[in-house]
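**Q** Starting off with a structure, shown below.
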Amino acid sequence: MSDPLPQGATIGILGGGQLGRMLAMAAAKFGYRTMVLDPAADSPAAQVANEFVHAAYDNTPALRKLSERCDVITYEFENVPVATVASLSEQLPVFPPPEALESAQDRLAEKIFLNSAGISTAPFMSVDNDDDLARGLARFSGGVLKTRRMGYDGKGQRVFRSADTTAHEGAFSQMGGVPLILEALVPFRREVSIIAARAADGSIAVYDPAENEHRDGVLYRSAVPANIETKTRTAVDQAATDILTSLHYVGVLGVEFFVLDSGKVLVNEIAPRVHNSGHWTEAACTVSQFEQHIRAVAGLPLGDTNRHSDCVMENLIGDEVLRAPDLLAEPDLMLHLYGKTDIRPGRKMGHFTRLTGN
Ligand code: AMP
């Protein structure tokens, strides 16, 4: 795309969750309209988008409507069918490119891609039956067994702490009999992630890495700056840059890493979209990850990624959202609620970022 999208142009967003909501809000800031497609009726993004298409991701009339009415398409959810994104990309620009989505949807393809781009991951092997699993557990002395597809927030995972010869029996069918991957258990010192963006002209901008704490496989908090050495920071930046370049990527990408005692990093996974561990950019940077993504897909110049403050972002999960009035009384705190009225355990209801000085 050579010319930037003019004001009044429409950005189509596949997926109507909180990420889509925050993208739609960022798009509105530049005078763009948004059309959101989501199979769920009252999705958080539908509440703020100009238009909402309530349909399945493979609904042909819905996709035709998007391709006729939008100027560019993006997505906020990595499990949108690749076929949907590929067919839309035949009619209009789709960013990030479908190849990025394809790699990110399958943990095996993702690791093969990363290793081929010279980026280290945990050792892994594909598991298609209990015998594969027994071999893998013996080879890695335990490991983390994950579904190759549709896993997120620690869902579809099982940890084996040793090469116990019986603990794994039946595990393949217990995980649904679907293709699996076994990863060696990484003795990481900390987990960090980085949000990086690439524009169509090849320019790249990276934010400071965040240090992440998970609870029950779900992101609980992200602190910036991460407590890492300069050489680790350089490795993280380089890996993100290499991934963006190899994929001819356009848009914002999240990359999660394990940091080892040696300071070396292994990529855990990539997310071809704005990412929960980048929500802090909304409060501590002039240009948030959401605005950055809109800039990239609209053909505008990438924005400044400088951080003006240290900060800690925390998710409000389930009834933690009831803390909202108390949080609002705090200075130097930005609260963001997602418009989800139905409070359920484990559901991400909002987040806040506390600025902690600099
Ligand atoms: P994932 O859904 O792959 O991001 O995994 C969720 C969380 O499980 C990660 O953030 C880690 O805390 C943990 N985890 C995942 N894979 C491994 C691994 N290979 N070794 C150790 N911990 C892991």
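A note on labels: chains of the structure tokens are A, B, ... as shown, every chain counts residues from 1, and ligands are counted from 1 in their shown order.
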Can you pull out every residue with an atom within 9 Å of ligand 1? Use only C-alpha atoms and all ligand atoms and format it as a ChimeraX atom specification.

**A** /A:107,121-124,143-146,151-157,159,182-188,190-191,212-219,256-258,268-270

**Q** What's the 12 Å shell around Pro81 of chain A, counting only C-alpha atoms, without same-chain residues fewer than 3 positions away, as a VMD selection string?

**A** chain A and resid 14 to 15 56 to 59 75 77 to 78 84 to 88 98 to 99 101 to 102 104 to 106 149 to 150

**Q** Keeping only N, CA and C atoms, take the residues you just selected and write them out as a PDB file, in the first residue's frame.

**A**
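File out_38.pdb, as written:
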ATOM      1  N   LEU A  14     -11.215  -8.666  12.368  1.00  0.00           N
ATOM      2  CA  LEU A  14     -11.742 -10.017  12.614  1.00  0.00           C
ATOM      3  C   LEU A  14     -11.504 -10.334  14.081  1.00  0.00           C
ATOM      4  N   GLY A  15     -12.585 -10.540  14.824  1.00  0.00           N
ATOM      5  CA  GLY A  15     -12.472 -10.785  16.260  1.00  0.00           C
ATOM      6  C   GLY A  15     -12.953  -9.564  17.014  1.00  0.00           C
ATOM      7  N   ALA A  56     -20.344 -16.132  11.804  1.00  0.00           N
ATOM      8  CA  ALA A  56     -19.181 -17.023  11.947  1.00  0.00           C
ATOM      9  C   ALA A  56     -18.054 -16.540  11.029  1.00  0.00           C
ATOM     10  N   TYR A  57     -16.806 -16.927  11.394  1.00  0.00           N
ATOM     11  CA  TYR A  57     -15.647 -16.466  10.625  1.00  0.00           C
ATOM     12  C   TYR A  57     -15.621 -17.002   9.194  1.00  0.00           C
ATOM     13  N   ASP A  58     -16.421 -18.069   8.940  1.00  0.00           N
ATOM     14  CA  ASP A  58     -16.403 -18.611   7.577  1.00  0.00           C
ATOM     15  C   ASP A  58     -17.722 -18.341   6.846  1.00  0.00           C
ATOM     16  N   ASN A  59     -18.477 -17.369   7.333  1.00  0.00           N
ATOM     17  CA  ASN A  59     -19.779 -17.058   6.725  1.00  0.00           C
ATOM     18  C   ASN A  59     -19.551 -16.233   5.437  1.00  0.00           C
ATOM     19  N   TYR A  75      -6.733  -8.449  12.167  1.00  0.00           N
ATOM     20  CA  TYR A  75      -7.375  -9.383  13.089  1.00  0.00           C
ATOM     21  C   TYR A  75      -6.783  -9.234  14.479  1.00  0.00           C
ATOM     22  N   PHE A  77      -7.222 -11.848  16.825  1.00  0.00           N
ATOM     23  CA  PHE A  77      -7.401 -13.161  17.432  1.00  0.00           C
ATOM     24  C   PHE A  77      -6.682 -14.155  16.536  1.00  0.00           C
ATOM     25  N   GLU A  78      -5.762 -14.969  17.093  1.00  0.00           N
ATOM     26  CA  GLU A  78      -4.956 -15.779  16.170  1.00  0.00           C
ATOM     27  C   GLU A  78      -5.626 -17.072  15.745  1.00  0.00           C
ATOM     28  N   THR A  84     -10.166 -17.980   5.868  1.00  0.00           N
ATOM     29  CA  THR A  84     -10.900 -16.699   5.865  1.00  0.00           C
ATOM     30  C   THR A  84      -9.969 -15.556   5.487  1.00  0.00           C
ATOM     31  N   VAL A  85      -8.827 -15.543   6.167  1.00  0.00           N
ATOM     32  CA  VAL A  85      -7.869 -14.457   5.964  1.00  0.00           C
ATOM     33  C   VAL A  85      -7.285 -14.535   4.549  1.00  0.00           C
ATOM     34  N   ALA A  86      -7.002 -15.764   4.093  1.00  0.00           N
ATOM     35  CA  ALA A  86      -6.420 -15.931   2.762  1.00  0.00           C
ATOM     36  C   ALA A  86      -7.418 -15.491   1.690  1.00  0.00           C
ATOM     37  N   SER A  87      -8.719 -15.845   1.872  1.00  0.00           N
ATOM     38  CA  SER A  87      -9.672 -15.467   0.816  1.00  0.00           C
ATOM     39  C   SER A  87      -9.891 -13.953   0.830  1.00  0.00           C
ATOM     40  N   LEU A  88      -9.926 -13.334   1.997  1.00  0.00           N
ATOM     41  CA  LEU A  88     -10.065 -11.871   2.034  1.00  0.00           C
ATOM     42  C   LEU A  88      -8.855 -11.201   1.388  1.00  0.00           C
ATOM     43  N   PRO A  98      -1.278 -13.411   5.945  1.00  0.00           N
ATOM     44  CA  PRO A  98      -1.821 -14.713   6.323  1.00  0.00           C
ATOM     45  C   PRO A  98      -0.736 -15.720   6.730  1.00  0.00           C
ATOM     46  N   GLU A  99       0.463 -15.619   6.163  1.00  0.00           N
ATOM     47  CA  GLU A  99       1.548 -16.562   6.509  1.00  0.00           C
ATOM     48  C   GLU A  99       1.903 -16.463   7.994  1.00  0.00           C
ATOM     49  N   LEU A 101      -0.156 -15.650  10.396  1.00  0.00           N
ATOM     50  CA  LEU A 101      -1.251 -16.282  11.132  1.00  0.00           C
ATOM     51  C   LEU A 101      -1.085 -17.800  11.088  1.00  0.00           C
ATOM     52  N   GLU A 102      -0.718 -18.290   9.923  1.00  0.00           N
ATOM     53  CA  GLU A 102      -0.571 -19.730   9.731  1.00  0.00           C
ATOM     54  C   GLU A 102       0.515 -20.294  10.648  1.00  0.00           C
ATOM     55  N   ALA A 104       1.578 -18.970  13.457  1.00  0.00           N
ATOM     56  CA  ALA A 104       1.244 -18.804  14.872  1.00  0.00           C
ATOM     57  C   ALA A 104       0.145 -19.758  15.329  1.00  0.00           C
ATOM     58  N   GLN A 105      -0.628 -20.306  14.389  1.00  0.00           N
ATOM     59  CA  GLN A 105      -1.762 -21.161  14.786  1.00  0.00           C
ATOM     60  C   GLN A 105      -1.364 -22.568  15.171  1.00  0.00           C
ATOM     61  N   ASP A 106      -0.197 -22.985  14.738  1.00  0.00           N
ATOM     62  CA  ASP A 106       0.223 -24.364  14.967  1.00  0.00           C
ATOM     63  C   ASP A 106       1.588 -24.326  15.665  1.00  0.00           C
ATOM     64  N   ARG A 149      -2.807 -26.891  18.154  1.00  0.00           N
ATOM     65  CA  ARG A 149      -3.704 -25.807  17.734  1.00  0.00           C
ATOM     66  C   ARG A 149      -4.666 -25.396  18.854  1.00  0.00           C
ATOM     67  N   MET A 150      -5.162 -24.170  18.746  1.00  0.00           N
ATOM     68  CA  MET A 150      -6.233 -23.648  19.595  1.00  0.00           C
ATOM     69  C   MET A 150      -5.879 -23.566  21.085  1.00  0.00           C
TER      70      MET A 150
END

**Q** Write out, as JSON lines, each residue of segment 283-342 of chain A that has an atom at most 12 Å from segment 229-252 of chain A, together with the closest pair of atoms and their distance in Å to one decimal, counting only C-alpha atoms, rows going by chain and rising number.

**A**
{"residue": "A:Ser288", "atom": "CA", "partner": "A:Val252", "partner_atom": "CA", "distance": 10.6}
{"residue": "A:Gln289", "atom": "CA", "partner": "A:Val252", "partner_atom": "CA", "distance": 7.0}
{"residue": "A:Phe290", "atom": "CA", "partner": "A:Val252", "partner_atom": "CA", "distance": 8.2}
{"residue": "A:Glu291", "atom": "CA", "partner": "A:Val252", "partner_atom": "CA", "distance": 9.6}
{"residue": "A:Gln292", "atom": "CA", "partner": "A:Val252", "partner_atom": "CA", "distance": 6.9}
{"residue": "A:His293", "atom": "CA", "partner": "A:Gly251", "partner_atom": "CA", "distance": 4.9}
{"residue": "A:Ile294", "atom": "CA", "partner": "A:Gly251", "partner_atom": "CA", "distance": 7.6}
{"residue": "A:Arg295", "atom": "CA", "partner": "A:Gly251", "partner_atom": "CA", "distance": 8.0}
{"residue": "A:Ala296", "atom": "CA", "partner": "A:Gly251", "partner_atom": "CA", "distance": 5.0}
{"residue": "A:Val297", "atom": "CA", "partner": "A:Gly251", "partner_atom": "CA", "distance": 5.8}
{"residue": "A:Ala298", "atom": "CA", "partner": "A:Gly251", "partner_atom": "CA", "distance": 9.3}
{"residue": "A:Gly299", "atom": "CA", "partner": "A:Val250", "partner_atom": "CA", "distance": 9.2}
{"residue": "A:Leu300", "atom": "CA", "partner": "A:Gly251", "partner_atom": "CA", "distance": 11.0}
{"residue": "A:Pro301", "atom": "CA", "partner": "A:Gly251", "partner_atom": "CA", "distance": 11.5}
{"residue": "A:Leu302", "atom": "CA", "partner": "A:Gly251", "partner_atom": "CA", "distance": 9.5}
{"residue": "A:Gly303", "atom": "CA", "partner": "A:Val252", "partner_atom": "CA", "distance": 11.7}

**Q** May I have the residues within 10 Å of Gln47 of chain A as an MDAnalysis selection string, using only C-alpha atoms and disregarding those fewer than 5 positions away in the same chain?

**A** chainID A and resid 16 21 24 36 42 52 338:339

**Q** Show me, as number ranges by chain, the residues that have an atom within 9 Å of Ala46 of chain A when counting only C-alpha atoms, minus same-chain residues fewer than 3 positions from it.

**A** A: 16-17, 20-21, 35-38, 41-43, 49-54

**Q** Mind listing the alpha helix (DSSP H) residues of segment 89-266 of chain A, per DSSP on the backbone, as a PyMOL selection string?

**A** chain A and resi 89+98-105+107-116+130-140+171-174+230-246

**Q** What does the file look like for those residues with N, CA and C atoms, as a compact mmCIF listing (two decimals), in the first residue's frame?

**A**
# COMPACT_ATOMS: atom_id res chain seq x y z
N SER A 89 -7.67 -11.81 1.58
CA SER A 89 -6.45 -11.17 1.07
C SER A 89 -6.39 -11.20 -0.46
N PRO A 98 -1.28 -13.41 5.95
CA PRO A 98 -1.82 -14.71 6.32
C PRO A 98 -0.74 -15.72 6.73
N GLU A 99 0.46 -15.62 6.16
CA GLU A 99 1.55 -16.56 6.51
C GLU A 99 1.90 -16.46 7.99
N ALA A 100 1.82 -15.24 8.54
CA ALA A 100 2.15 -15.06 9.97
C ALA A 100 1.10 -15.77 10.82
N LEU A 101 -0.16 -15.65 10.40
CA LEU A 101 -1.25 -16.28 11.13
C LEU A 101 -1.09 -17.80 11.09
N GLU A 102 -0.72 -18.29 9.92
CA GLU A 102 -0.57 -19.73 9.73
C GLU A 102 0.52 -20.29 10.65
N SER A 103 1.65 -19.60 10.74
CA SER A 103 2.73 -20.08 11.63
C SER A 103 2.29 -20.05 13.08
N ALA A 104 1.58 -18.97 13.46
CA ALA A 104 1.24 -18.80 14.87
C ALA A 104 0.15 -19.76 15.33
N GLN A 105 -0.63 -20.31 14.39
CA GLN A 105 -1.76 -21.16 14.79
C GLN A 105 -1.36 -22.57 15.17
N ARG A 107 1.61 -24.79 16.92
CA ARG A 107 2.84 -24.67 17.70
C ARG A 107 4.02 -25.38 17.03
N LEU A 108 3.72 -26.45 16.27
CA LEU A 108 4.81 -27.17 15.60
C LEU A 108 5.35 -26.32 14.43
N ALA A 109 4.43 -25.81 13.59
CA ALA A 109 4.86 -24.98 12.45
C ALA A 109 5.59 -23.73 12.95
N GLU A 110 5.11 -23.20 14.07
CA GLU A 110 5.70 -21.99 14.64
C GLU A 110 7.16 -22.24 15.04
N LYS A 111 7.40 -23.37 15.70
CA LYS A 111 8.77 -23.65 16.15
C LYS A 111 9.68 -23.98 14.96
N ILE A 112 9.13 -24.68 13.98
CA ILE A 112 9.93 -24.99 12.79
C ILE A 112 10.30 -23.68 12.08
N PHE A 113 9.33 -22.78 11.96
CA PHE A 113 9.62 -21.47 11.34
C PHE A 113 10.69 -20.72 12.14
N LEU A 114 10.52 -20.66 13.47
CA LEU A 114 11.46 -19.90 14.30
C LEU A 114 12.87 -20.46 14.16
N ASN A 115 13.00 -21.78 14.26
CA ASN A 115 14.33 -22.39 14.17
C ASN A 115 14.94 -22.12 12.79
N SER A 116 14.09 -22.15 11.74
CA SER A 116 14.63 -21.92 10.39
C SER A 116 15.08 -20.47 10.23
N ASP A 130 0.55 -42.33 22.02
CA ASP A 130 1.21 -42.53 23.32
C ASP A 130 2.65 -43.00 23.17
N ASP A 131 2.97 -43.72 22.10
CA ASP A 131 4.36 -44.17 21.91
C ASP A 131 5.29 -42.97 21.67
N ASP A 132 4.84 -42.03 20.81
CA ASP A 132 5.63 -40.81 20.58
C ASP A 132 5.88 -40.12 21.92
N LEU A 133 4.83 -40.07 22.74
CA LEU A 133 4.92 -39.37 24.01
C LEU A 133 5.94 -40.05 24.92
N ALA A 134 5.89 -41.37 24.98
CA ALA A 134 6.84 -42.10 25.84
C ALA A 134 8.28 -41.82 25.38
N ARG A 135 8.50 -41.84 24.07
CA ARG A 135 9.84 -41.55 23.53
C ARG A 135 10.28 -40.14 23.88
N GLY A 136 9.36 -39.18 23.72
CA GLY A 136 9.68 -37.77 23.99
C GLY A 136 10.00 -37.53 25.46
N LEU A 137 9.18 -38.15 26.34
CA LEU A 137 9.40 -37.94 27.78
C LEU A 137 10.74 -38.51 28.22
N ALA A 138 11.12 -39.65 27.60
CA ALA A 138 12.43 -40.24 27.92
C ALA A 138 13.54 -39.32 27.41
N ARG A 139 13.32 -38.76 26.21
CA ARG A 139 14.36 -37.92 25.60
C ARG A 139 14.56 -36.61 26.38
N PHE A 140 13.43 -35.98 26.81
CA PHE A 140 13.54 -34.67 27.49
C PHE A 140 13.48 -34.79 29.01
N ALA A 171 -2.46 -40.33 28.02
CA ALA A 171 -2.45 -38.85 27.94
C ALA A 171 -2.86 -38.37 26.56
N PHE A 172 -2.45 -39.13 25.53
CA PHE A 172 -2.77 -38.68 24.17
C PHE A 172 -4.29 -38.58 23.98
N SER A 173 -5.02 -39.63 24.39
CA SER A 173 -6.48 -39.54 24.19
C SER A 173 -7.11 -38.57 25.19
N GLN A 174 -6.52 -38.47 26.41
CA GLN A 174 -7.08 -37.50 27.38
C GLN A 174 -6.99 -36.06 26.85
N THR A 230 21.73 -6.18 29.56
CA THR A 230 21.73 -5.54 28.24
C THR A 230 21.82 -6.57 27.12
N LYS A 231 22.64 -7.63 27.34
CA LYS A 231 22.79 -8.62 26.25
C LYS A 231 21.48 -9.38 26.02
N THR A 232 20.70 -9.57 27.08
CA THR A 232 19.40 -10.24 26.93
C THR A 232 18.45 -9.33 26.17
N ARG A 233 18.47 -8.06 26.52
CA ARG A 233 17.62 -7.07 25.84
C ARG A 233 17.96 -7.05 24.34
N THR A 234 19.26 -7.08 24.05
CA THR A 234 19.68 -7.04 22.64
C THR A 234 19.18 -8.29 21.92
N ALA A 235 19.27 -9.46 22.59
CA ALA A 235 18.84 -10.71 21.96
C ALA A 235 17.33 -10.70 21.69
N VAL A 236 16.58 -10.14 22.64
CA VAL A 236 15.12 -10.06 22.51
C VAL A 236 14.74 -9.16 21.32
N ASP A 237 15.39 -7.99 21.26
CA ASP A 237 15.13 -7.05 20.15
C ASP A 237 15.46 -7.70 18.81
N GLN A 238 16.60 -8.38 18.79
CA GLN A 238 17.06 -8.98 17.53
C GLN A 238 16.10 -10.07 17.06
N ALA A 239 15.65 -10.90 18.01
CA ALA A 239 14.74 -11.99 17.63
C ALA A 239 13.45 -11.40 17.06
N ALA A 240 12.91 -10.36 17.72
CA ALA A 240 11.67 -9.75 17.23
C ALA A 240 11.87 -9.17 15.84
N THR A 241 12.99 -8.50 15.64
CA THR A 241 13.29 -7.88 14.34
C THR A 241 13.41 -8.95 13.27
N ASP A 242 14.11 -10.06 13.60
CA ASP A 242 14.28 -11.14 12.62
C ASP A 242 12.93 -11.77 12.25
N ILE A 243 12.06 -11.94 13.24
CA ILE A 243 10.75 -12.55 12.97
C ILE A 243 9.94 -11.63 12.04
N LEU A 244 9.91 -10.34 12.37
CA LEU A 244 9.14 -9.38 11.55
C LEU A 244 9.65 -9.38 10.12
N THR A 245 10.97 -9.38 9.97
CA THR A 245 11.55 -9.30 8.63
C THR A 245 11.28 -10.58 7.86
N SER A 246 11.50 -11.75 8.50
CA SER A 246 11.31 -13.01 7.76
C SER A 246 9.87 -13.18 7.30

**Q** May I ask which of the residues A:Gly170, A:Ala40, A:Ile11, A:Ala197 is the closest one to Ala55 of chain A, counting only C-alpha atoms?

**A**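 Selected residue with least distance to Ala55 of chain A: A:Ala40.
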
**Q** I'd like the interatomic distance between atom CA of Arg161 of chain A and atom CA of Ser222 of chain A, to a tenth of an Å.

**A** 26.7 Å

**Q** Can you list, as JSON, numbers by chain, all residues belonging to segment 86-299 of chain A that DSSP tags as strand (DSSP E or B)?

**A** {"A": [94, 121, 124, 125, 126, 127, 143, 144, 145, 146, 147, 157, 158, 159, 160, 180, 181, 182, 183, 190, 191, 192, 193, 194, 195, 196, 197, 198, 204, 205, 206, 210, 211, 212, 213, 214, 215, 218, 219, 220, 221, 222, 223, 224, 251, 252, 253, 254, 255, 256, 257, 258, 259, 265, 266, 267, 268, 269, 270, 271, 285]}

**Q** Write the selection just made, keeping C-alpha atoms, as a PDB file, in the first residue's frame?

**A**
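The result, written out as selection-v2.pdb:
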ATOM      1  CA  VAL A  94      -4.889  -7.987   4.946  1.00  0.00           C
ATOM      2  CA  THR A 121      13.136 -22.380  21.112  1.00  0.00           C
ATOM      3  CA  PHE A 124      10.395 -30.117  20.846  1.00  0.00           C
ATOM      4  CA  MET A 125       8.897 -33.061  19.009  1.00  0.00           C
ATOM      5  CA  SER A 126       5.494 -33.771  17.520  1.00  0.00           C
ATOM      6  CA  VAL A 127       3.327 -36.293  19.371  1.00  0.00           C
ATOM      7  CA  GLY A 143       8.213 -31.997  29.338  1.00  0.00           C
ATOM      8  CA  VAL A 144       5.193 -29.853  28.590  1.00  0.00           C
ATOM      9  CA  LEU A 145       2.603 -31.521  26.371  1.00  0.00           C
ATOM     10  CA  LYS A 146       0.507 -29.029  24.404  1.00  0.00           C
ATOM     11  CA  THR A 147      -2.172 -29.198  21.736  1.00  0.00           C
ATOM     12  CA  GLN A 157      -1.422 -28.252  28.321  1.00  0.00           C
ATOM     13  CA  ARG A 158      -0.092 -30.885  30.674  1.00  0.00           C
ATOM     14  CA  VAL A 159       3.228 -30.858  32.517  1.00  0.00           C
ATOM     15  CA  PHE A 160       5.281 -34.012  33.163  1.00  0.00           C
ATOM     16  CA  LEU A 180       0.217 -32.569  20.066  1.00  0.00           C
ATOM     17  CA  ILE A 181       3.688 -31.198  20.636  1.00  0.00           C
ATOM     18  CA  LEU A 182       5.986 -32.084  23.517  1.00  0.00           C
ATOM     19  CA  GLU A 183       8.409 -29.376  24.608  1.00  0.00           C
ATOM     20  CA  ARG A 190      12.021 -15.188  34.137  1.00  0.00           C
ATOM     21  CA  GLU A 191       9.519 -14.689  31.335  1.00  0.00           C
ATOM     22  CA  VAL A 192       9.641 -11.573  29.205  1.00  0.00           C
ATOM     23  CA  SER A 193       7.835 -10.407  26.095  1.00  0.00           C
ATOM     24  CA  ILE A 194       8.304  -7.706  23.550  1.00  0.00           C
ATOM     25  CA  ILE A 195       5.891  -5.768  21.380  1.00  0.00           C
ATOM     26  CA  ALA A 196       7.333  -4.834  18.015  1.00  0.00           C
ATOM     27  CA  ALA A 197       5.907  -3.356  14.834  1.00  0.00           C
ATOM     28  CA  ARG A 198       6.831  -3.319  11.174  1.00  0.00           C
ATOM     29  CA  ILE A 204      10.621  -1.428  12.524  1.00  0.00           C
ATOM     30  CA  ALA A 205       9.875  -0.049  15.995  1.00  0.00           C
ATOM     31  CA  VAL A 206      10.199  -2.004  19.247  1.00  0.00           C
ATOM     32  CA  ALA A 210       8.044  -6.422  29.804  1.00  0.00           C
ATOM     33  CA  GLU A 211       8.633  -8.979  32.535  1.00  0.00           C
ATOM     34  CA  ASN A 212       5.583 -11.200  32.896  1.00  0.00           C
ATOM     35  CA  GLU A 213       4.105 -13.174  35.738  1.00  0.00           C
ATOM     36  CA  HIS A 214       1.509 -15.820  34.950  1.00  0.00           C
ATOM     37  CA  ARG A 215      -1.016 -17.432  37.287  1.00  0.00           C
ATOM     38  CA  VAL A 218      -2.874 -16.676  32.373  1.00  0.00           C
ATOM     39  CA  LEU A 219      -0.961 -13.395  32.341  1.00  0.00           C
ATOM     40  CA  TYR A 220      -1.352 -11.760  35.741  1.00  0.00           C
ATOM     41  CA  ARG A 221       1.052  -8.832  35.599  1.00  0.00           C
ATOM     42  CA  SER A 222       3.627  -7.202  33.354  1.00  0.00           C
ATOM     43  CA  ALA A 223       6.354  -4.948  34.786  1.00  0.00           C
ATOM     44  CA  VAL A 224       8.462  -2.560  32.741  1.00  0.00           C
ATOM     45  CA  GLY A 251       1.424  -4.578  12.050  1.00  0.00           C
ATOM     46  CA  VAL A 252       2.168  -5.229  15.715  1.00  0.00           C
ATOM     47  CA  LEU A 253       3.581  -8.571  16.872  1.00  0.00           C
ATOM     48  CA  GLY A 254       3.973  -9.923  20.419  1.00  0.00           C
ATOM     49  CA  VAL A 255       6.822 -12.339  21.167  1.00  0.00           C
ATOM     50  CA  GLU A 256       7.085 -14.255  24.460  1.00  0.00           C
ATOM     51  CA  PHE A 257      10.455 -15.460  25.726  1.00  0.00           C
ATOM     52  CA  PHE A 258      11.952 -17.605  28.445  1.00  0.00           C
ATOM     53  CA  VAL A 259      15.140 -16.093  29.945  1.00  0.00           C
ATOM     54  CA  VAL A 265      16.603 -16.410  25.547  1.00  0.00           C
ATOM     55  CA  LEU A 266      14.292 -18.974  23.951  1.00  0.00           C
ATOM     56  CA  VAL A 267      11.106 -17.919  22.170  1.00  0.00           C
ATOM     57  CA  ASN A 268       8.025 -19.511  23.730  1.00  0.00           C
ATOM     58  CA  GLU A 269       5.479 -18.226  21.238  1.00  0.00           C
ATOM     59  CA  ILE A 270       4.553 -15.449  18.871  1.00  0.00           C
ATOM     60  CA  ALA A 271       1.224 -13.644  18.648  1.00  0.00           C
ATOM     61  CA  CYS A 285       4.171   5.634  26.028  1.00  0.00           C
TER      62      CYS A 285
END

**Q** Taking only C-alpha atoms into account, which of A:Met175, A:Gln91, A:Pro44, A:Asp326 comes nearest Lys65 of chain A?

**A**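 Residue with the minimum atom-to-atom distance to Lys65 of chain A: A:Gln91.
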